[in-house]
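Below: the structure, in structure tokens.
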Amino acid sequence: MAFLIPLVLILMVQPTNAGSWPPSPGYYPSSKFRSMSFYQGFKNLWGPQHQRMDNNALAIWLDSNSGSGFKSVRPFRSGYFGASIKLQPGYTAGVITAFYLSNNEAHPGYHDEVDIEFLGTTFGKPYTLQTNVYIRGSGDGRIIGREMKFHLWFDPTQGFHHYAILWSPKEIIFLVDDVPIRRYQRKSVATFPLRPMWLYGSIWDASSWATEDGKYKANYQYQPFVGMYTNFKATGCSAYAPRWCHPISASPFRSGGLSTRQYMAMRWVQSHFLVYDYCRDSKRDHSLTPECWG
């Protein structure tokens, strides 16, 4: 069966230069790690009737009955986690398509999470890619989000693009097609996730907040809303690995960090396509986010 495809808070000037491309990062971590099939590393978590393989890609979809999600079979304590994802065009307001790390099932009410979330949109407006980090329950009722939101320099509905999280004991790096877009450094134990996490993907209805702070809701006239995932990568130190397992790097340096070219590419993306940075939000209580202090 073929699928029929029928503002957030902004603190900077919205980019108008879509179609510009970032400078080459000079290093391509996705090429260093072997891809796996969905069934080699993952299992269905919920909504099994809304999930199937379609031309070597996993399709998950949301309709008025249910969404769907999947989960890695192993937890990790560090690693490189990536997938090539294609989003649905048209009206997708209220819909979240996600790829993320979490230990919510192991620590309900007190969990850690590292998110890549695509916030659905309305006709003629771009998707927003939201990155976020939660530490020890900061997303469980007492929200202390660490959101940085971006528009993209390409149309994510026209083909597959590779999105990845590099998580080590000292930093988290978010990458799009091997271009670093955000580096979140460990500045204290209190502001960094260190407990083992699983890798997840999901599609679900977040109409209360996803699109322009809930202004636009999911409209099931346009269902099903489909997310496509392929080229899965999940490599690193599992929770069961020996203590001497060395964390993976996203740069040419074994010790981690970013090369000069990677840093320049990241700064270019942030200067052209960053649309929200929690550290620059004057409405936030920054006593709760000390990593913003400098």
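Please note that chains go A, B, ... in the order of the structure tokens, that every chain numbers its residues from 1, and that ligands are numbered from 1 in the order shown.
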Selection near segment 101-110 of chain A, 9 Å with only C-alpha atoms, sequence-local residues under 4 positions removed, as a ChimeraX atom specification: /A:75,81,114-116,135-141,165,195-201
Within 12 Å of Ala210 of chain A, counting only C-alpha atoms, which residues show up once you throw out same-chain ones fewer than 6 positions away? Write them as an NGL selection string, please. :A and (7-9 or 92-98 or 117-122 or 127-130 or 149 or 204 or 216-218)
Extract, using only C-alpha atoms, all DNA, RNA and protein residues at most 10 Å from Gly257 of chain A, discarding same-chain residues fewer than 4 positions from it, and format them as a VMD selection string. chain A and resid 170 to 173 183 185 249 to 253 262 to 263
Put those residues in a file: C-alpha atoms, as a tab-separated table (two decimals), in the first residue's frame.
chain	number	residue	atom	x	y	z
A	170	LYS	CA	31.97	15.23	28.23
A	171	GLU	CA	29.85	16.55	25.36
A	172	ILE	CA	26.77	16.13	23.16
A	173	ILE	CA	27.04	17.13	19.51
A	183	ARG	CA	27.68	21.35	20.90
A	185	GLN	CA	29.45	20.55	26.83
A	249	SER	CA	34.43	11.11	18.86
A	250	ALA	CA	32.62	13.17	16.21
A	251	SER	CA	35.85	14.85	15.13
A	252	PRO	CA	39.27	13.76	13.86
A	253	PHE	CA	40.50	13.98	17.44
A	262	GLN	CA	33.75	21.72	12.04
A	263	TYR	CA	33.52	24.65	14.43
Just list as number ranges by chain whatever in segment 56-147 of chain A DSSP marks as strand (DSSP E or B). A: 57-62, 68-72, 76-86, 95-102, 113-119, 128-134
Selected residues, N, CA and C atoms, written as a compact mmCIF listing (two decimals), in the first residue's frame, please.
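Result saved to part_18.txt:
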# COMPACT_ATOMS: atom_id res chain seq x y z
N ALA A 57 13.18 1.14 4.15
CA ALA A 57 13.04 2.20 5.14
C ALA A 57 11.88 1.85 6.06
N LEU A 58 12.00 2.27 7.30
CA LEU A 58 10.90 2.09 8.25
C LEU A 58 9.95 3.27 8.12
N ALA A 59 8.69 2.98 7.89
CA ALA A 59 7.65 4.01 7.88
C ALA A 59 6.87 3.91 9.19
N ILE A 60 6.74 5.03 9.88
CA ILE A 60 5.85 5.10 11.03
C ILE A 60 4.89 6.26 10.77
N TRP A 61 3.66 6.12 11.24
CA TRP A 61 2.69 7.15 10.92
C TRP A 61 1.71 7.39 12.04
N LEU A 62 1.17 8.60 11.99
CA LEU A 62 0.15 9.06 12.93
C LEU A 62 -1.13 9.28 12.18
N SER A 68 3.09 6.06 16.56
CA SER A 68 3.92 4.87 16.65
C SER A 68 5.30 5.24 17.16
N GLY A 69 5.99 4.25 17.72
CA GLY A 69 7.35 4.47 18.21
C GLY A 69 8.16 3.20 18.21
N PHE A 70 9.48 3.36 18.21
CA PHE A 70 10.39 2.22 18.28
C PHE A 70 11.52 2.53 19.25
N LYS A 71 12.28 1.49 19.60
CA LYS A 71 13.28 1.59 20.66
C LYS A 71 14.44 0.65 20.36
N SER A 72 15.66 1.07 20.70
CA SER A 72 16.81 0.18 20.54
C SER A 72 16.71 -0.98 21.52
N PHE A 76 22.74 2.39 26.03
CA PHE A 76 24.12 2.83 25.82
C PHE A 76 24.50 3.83 26.90
N ARG A 77 25.80 3.93 27.15
CA ARG A 77 26.29 4.97 28.04
C ARG A 77 27.08 6.04 27.29
N SER A 78 27.32 5.82 26.00
CA SER A 78 27.88 6.83 25.10
C SER A 78 27.82 6.26 23.70
N GLY A 79 27.98 7.13 22.67
CA GLY A 79 28.01 6.61 21.32
C GLY A 79 27.58 7.61 20.27
N TYR A 80 27.54 7.10 19.03
CA TYR A 80 27.06 7.85 17.88
C TYR A 80 25.74 7.23 17.46
N PHE A 81 24.71 8.06 17.33
CA PHE A 81 23.36 7.58 17.05
C PHE A 81 22.77 8.40 15.90
N GLY A 82 22.53 7.75 14.78
CA GLY A 82 22.07 8.48 13.62
C GLY A 82 21.03 7.72 12.82
N ALA A 83 20.31 8.44 11.99
CA ALA A 83 19.36 7.84 11.05
C ALA A 83 19.12 8.85 9.93
N SER A 84 18.88 8.32 8.75
CA SER A 84 18.45 9.16 7.64
C SER A 84 16.93 9.22 7.66
N ILE A 85 16.39 10.42 7.66
CA ILE A 85 14.96 10.64 7.90
C ILE A 85 14.39 11.51 6.77
N LYS A 86 13.19 11.17 6.35
CA LYS A 86 12.44 11.98 5.39
C LYS A 86 11.10 12.33 6.01
N VAL A 95 2.27 17.93 14.76
CA VAL A 95 2.86 16.59 14.68
C VAL A 95 4.35 16.66 14.99
N ILE A 96 4.82 15.77 15.86
CA ILE A 96 6.24 15.65 16.18
C ILE A 96 6.77 14.36 15.56
N THR A 97 7.83 14.48 14.79
CA THR A 97 8.60 13.32 14.33
C THR A 97 9.93 13.39 15.06
N ALA A 98 10.28 12.33 15.81
CA ALA A 98 11.39 12.44 16.76
C ALA A 98 12.40 11.31 16.61
N PHE A 99 13.63 11.62 17.03
CA PHE A 99 14.73 10.66 17.11
C PHE A 99 15.54 11.10 18.32
N TYR A 100 15.62 10.25 19.35
CA TYR A 100 16.13 10.76 20.61
C TYR A 100 16.66 9.64 21.51
N LEU A 101 17.43 10.06 22.52
CA LEU A 101 17.92 9.18 23.58
C LEU A 101 17.13 9.46 24.85
N SER A 102 16.82 8.41 25.60
CA SER A 102 16.07 8.60 26.84
C SER A 102 16.23 7.39 27.74
N GLU A 113 17.18 12.88 28.87
CA GLU A 113 16.74 12.78 27.48
C GLU A 113 17.56 13.74 26.62
N VAL A 114 17.87 13.30 25.41
CA VAL A 114 18.56 14.13 24.41
C VAL A 114 17.75 14.01 23.13
N ASP A 115 17.20 15.13 22.64
CA ASP A 115 16.19 15.10 21.59
C ASP A 115 16.65 15.71 20.27
N ILE A 116 16.25 15.07 19.19
CA ILE A 116 16.08 15.70 17.89
C ILE A 116 14.61 15.56 17.56
N GLU A 117 13.92 16.69 17.43
CA GLU A 117 12.47 16.68 17.17
C GLU A 117 12.17 17.61 16.00
N PHE A 118 11.39 17.11 15.07
CA PHE A 118 10.94 17.93 13.95
C PHE A 118 9.52 18.41 14.27
N LEU A 119 9.37 19.72 14.39
CA LEU A 119 8.09 20.31 14.75
C LEU A 119 7.30 20.58 13.48
N THR A 128 10.72 23.15 11.78
CA THR A 128 11.71 23.54 12.78
C THR A 128 12.31 22.29 13.38
N LEU A 129 13.63 22.23 13.39
CA LEU A 129 14.34 21.14 14.07
C LEU A 129 14.68 21.62 15.47
N GLN A 130 14.13 20.93 16.47
CA GLN A 130 14.39 21.30 17.86
C GLN A 130 15.36 20.30 18.48
N THR A 131 16.45 20.81 19.04
CA THR A 131 17.34 19.99 19.85
C THR A 131 17.09 20.34 21.31
N ASN A 132 17.20 19.34 22.18
CA ASN A 132 16.90 19.59 23.58
C ASN A 132 17.65 18.60 24.46
N VAL A 133 17.92 19.02 25.68
CA VAL A 133 18.59 18.17 26.66
C VAL A 133 17.84 18.30 27.98
N TYR A 134 17.41 17.18 28.53
CA TYR A 134 16.81 17.12 29.86
C TYR A 134 17.72 16.30 30.77
All helix (DSSP H, G or I) positions in segment 58-232 of chain A, as a PyMOL selection string: chain A and resi 189-191+220-222
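Among the candidates A:Pro156, A:Gly145, A:Pro126, A:Gly256, the residue lying nearest to Asp177 of chain A is A:Pro156 (atoms considered: only C-alpha atoms).
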Give me the residues within 12 Å of Val269 of chain A as number ranges by chain, counting only C-alpha atoms and dropping any in the same chain fewer than 2 places off. A: 15, 17-18, 20-25, 149-153, 174-176, 179-182, 262-267, 271-275
I need the residues from that last selection saved to file as a short mmCIF file (atom, residue, chain, number, x, y, z; two decimals), in the first residue's frame (with N, CA and C atoms), if you can.
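To be explicit, this is the file written out as selection.cif:
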data_model
loop_
_atom_site.label_atom_id
_atom_site.label_comp_id
_atom_site.auth_asym_id
_atom_site.auth_seq_id
_atom_site.Cartn_x
_atom_site.Cartn_y
_atom_site.Cartn_z
N PRO A 15 15.73 33.39 9.43
CA PRO A 15 16.58 33.34 8.26
C PRO A 15 15.77 33.43 6.98
N ASN A 17 17.64 32.95 3.98
CA ASN A 17 18.59 32.51 2.98
C ASN A 17 18.57 31.00 2.81
N ALA A 18 17.38 30.39 2.93
CA ALA A 18 17.28 28.96 2.66
C ALA A 18 17.79 28.70 1.25
N SER A 20 21.13 28.44 0.87
CA SER A 20 22.55 28.57 1.13
C SER A 20 23.01 27.31 1.85
N TRP A 21 24.28 26.94 1.64
CA TRP A 21 24.78 25.71 2.23
C TRP A 21 25.97 26.00 3.12
N PRO A 22 26.09 25.29 4.21
CA PRO A 22 27.21 25.54 5.13
C PRO A 22 28.53 25.14 4.52
N PRO A 23 29.62 25.72 5.01
CA PRO A 23 30.93 25.29 4.54
C PRO A 23 31.19 23.83 4.93
N SER A 24 32.04 23.17 4.20
CA SER A 24 32.35 21.77 4.49
C SER A 24 32.95 21.63 5.88
N PRO A 25 32.47 20.66 6.68
CA PRO A 25 33.07 20.45 7.99
C PRO A 25 34.42 19.74 7.90
N LYS A 149 16.66 25.74 18.53
CA LYS A 149 15.82 25.40 17.39
C LYS A 149 16.41 26.00 16.11
N PHE A 150 16.27 25.24 15.04
CA PHE A 150 16.87 25.61 13.78
C PHE A 150 15.86 25.44 12.64
N HIS A 151 15.97 26.26 11.62
CA HIS A 151 15.46 25.91 10.31
C HIS A 151 16.61 25.23 9.56
N LEU A 152 16.30 24.63 8.44
CA LEU A 152 17.30 23.86 7.70
C LEU A 152 17.62 24.55 6.38
N TRP A 153 18.78 24.25 5.84
CA TRP A 153 19.23 24.86 4.59
C TRP A 153 18.79 24.03 3.37
N PHE A 174 25.12 17.62 18.13
CA PHE A 174 24.03 17.35 17.20
C PHE A 174 24.53 17.65 15.78
N LEU A 175 24.26 16.72 14.85
CA LEU A 175 24.76 16.87 13.49
C LEU A 175 23.65 16.67 12.48
N VAL A 176 23.73 17.41 11.38
CA VAL A 176 22.82 17.26 10.24
C VAL A 176 23.68 17.07 9.00
N VAL A 179 27.24 17.91 9.46
CA VAL A 179 27.56 19.27 9.86
C VAL A 179 27.13 19.46 11.32
N PRO A 180 28.05 19.77 12.21
CA PRO A 180 27.64 20.03 13.59
C PRO A 180 26.77 21.28 13.66
N ILE A 181 25.64 21.19 14.34
CA ILE A 181 24.80 22.37 14.50
C ILE A 181 24.76 22.85 15.95
N ARG A 182 25.13 21.97 16.88
CA ARG A 182 25.11 22.36 18.29
C ARG A 182 26.09 21.48 19.06
N GLN A 262 35.06 22.08 11.49
CA GLN A 262 33.75 21.72 12.04
C GLN A 262 33.17 22.87 12.85
N TYR A 263 34.00 23.52 13.62
CA TYR A 263 33.52 24.65 14.43
C TYR A 263 33.05 25.79 13.53
N MET A 264 33.77 26.06 12.47
CA MET A 264 33.37 27.12 11.54
C MET A 264 32.04 26.79 10.88
N ALA A 265 31.86 25.51 10.51
CA ALA A 265 30.58 25.11 9.90
C ALA A 265 29.44 25.26 10.89
N MET A 266 29.68 24.89 12.16
CA MET A 266 28.65 25.03 13.18
C MET A 266 28.30 26.49 13.40
N ARG A 267 29.30 27.35 13.47
CA ARG A 267 29.02 28.77 13.67
C ARG A 267 28.25 29.36 12.49
N SER A 271 24.63 31.10 12.81
CA SER A 271 24.45 32.50 12.44
C SER A 271 23.39 32.68 11.36
N HIS A 272 23.10 31.61 10.59
CA HIS A 272 22.15 31.72 9.48
C HIS A 272 20.80 31.05 9.75
N PHE A 273 20.77 29.99 10.57
CA PHE A 273 19.55 29.19 10.67
C PHE A 273 19.06 28.94 12.09
N LEU A 274 19.77 29.42 13.08
CA LEU A 274 19.30 29.30 14.46
C LEU A 274 18.15 30.27 14.69
N VAL A 275 17.01 29.75 15.18
CA VAL A 275 15.84 30.61 15.40
C VAL A 275 15.45 30.73 16.88
#
Counting only C-alpha atoms, closest pick from A:Ser168, A:Gln223, A:Ser287, A:Thr157 relative to Leu194 of chain A is A:Ser168
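Take atom CA of Ile248 of chain A and atom CA of Ser30 of chain A: the distance between them is 11.7 Å.
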Tell me, in Å to one decimal, how far atom CA of Tyr278 of chain A is from atom CA of Asp213 of chain A.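 Here the two named atoms are 14.9 Å from each other.
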Given only C-alpha atoms as the basis, pick out the residue of A:Thr235, A:Ser188, A:Asn219, A:Ser259 nearest to Arg34 of chain A. A:Thr235
Point-to-point distance from atom CA of Asp178 of chain A to atom CA of Arg146 of chain A, Å rounded to tenths: 21.9 Å
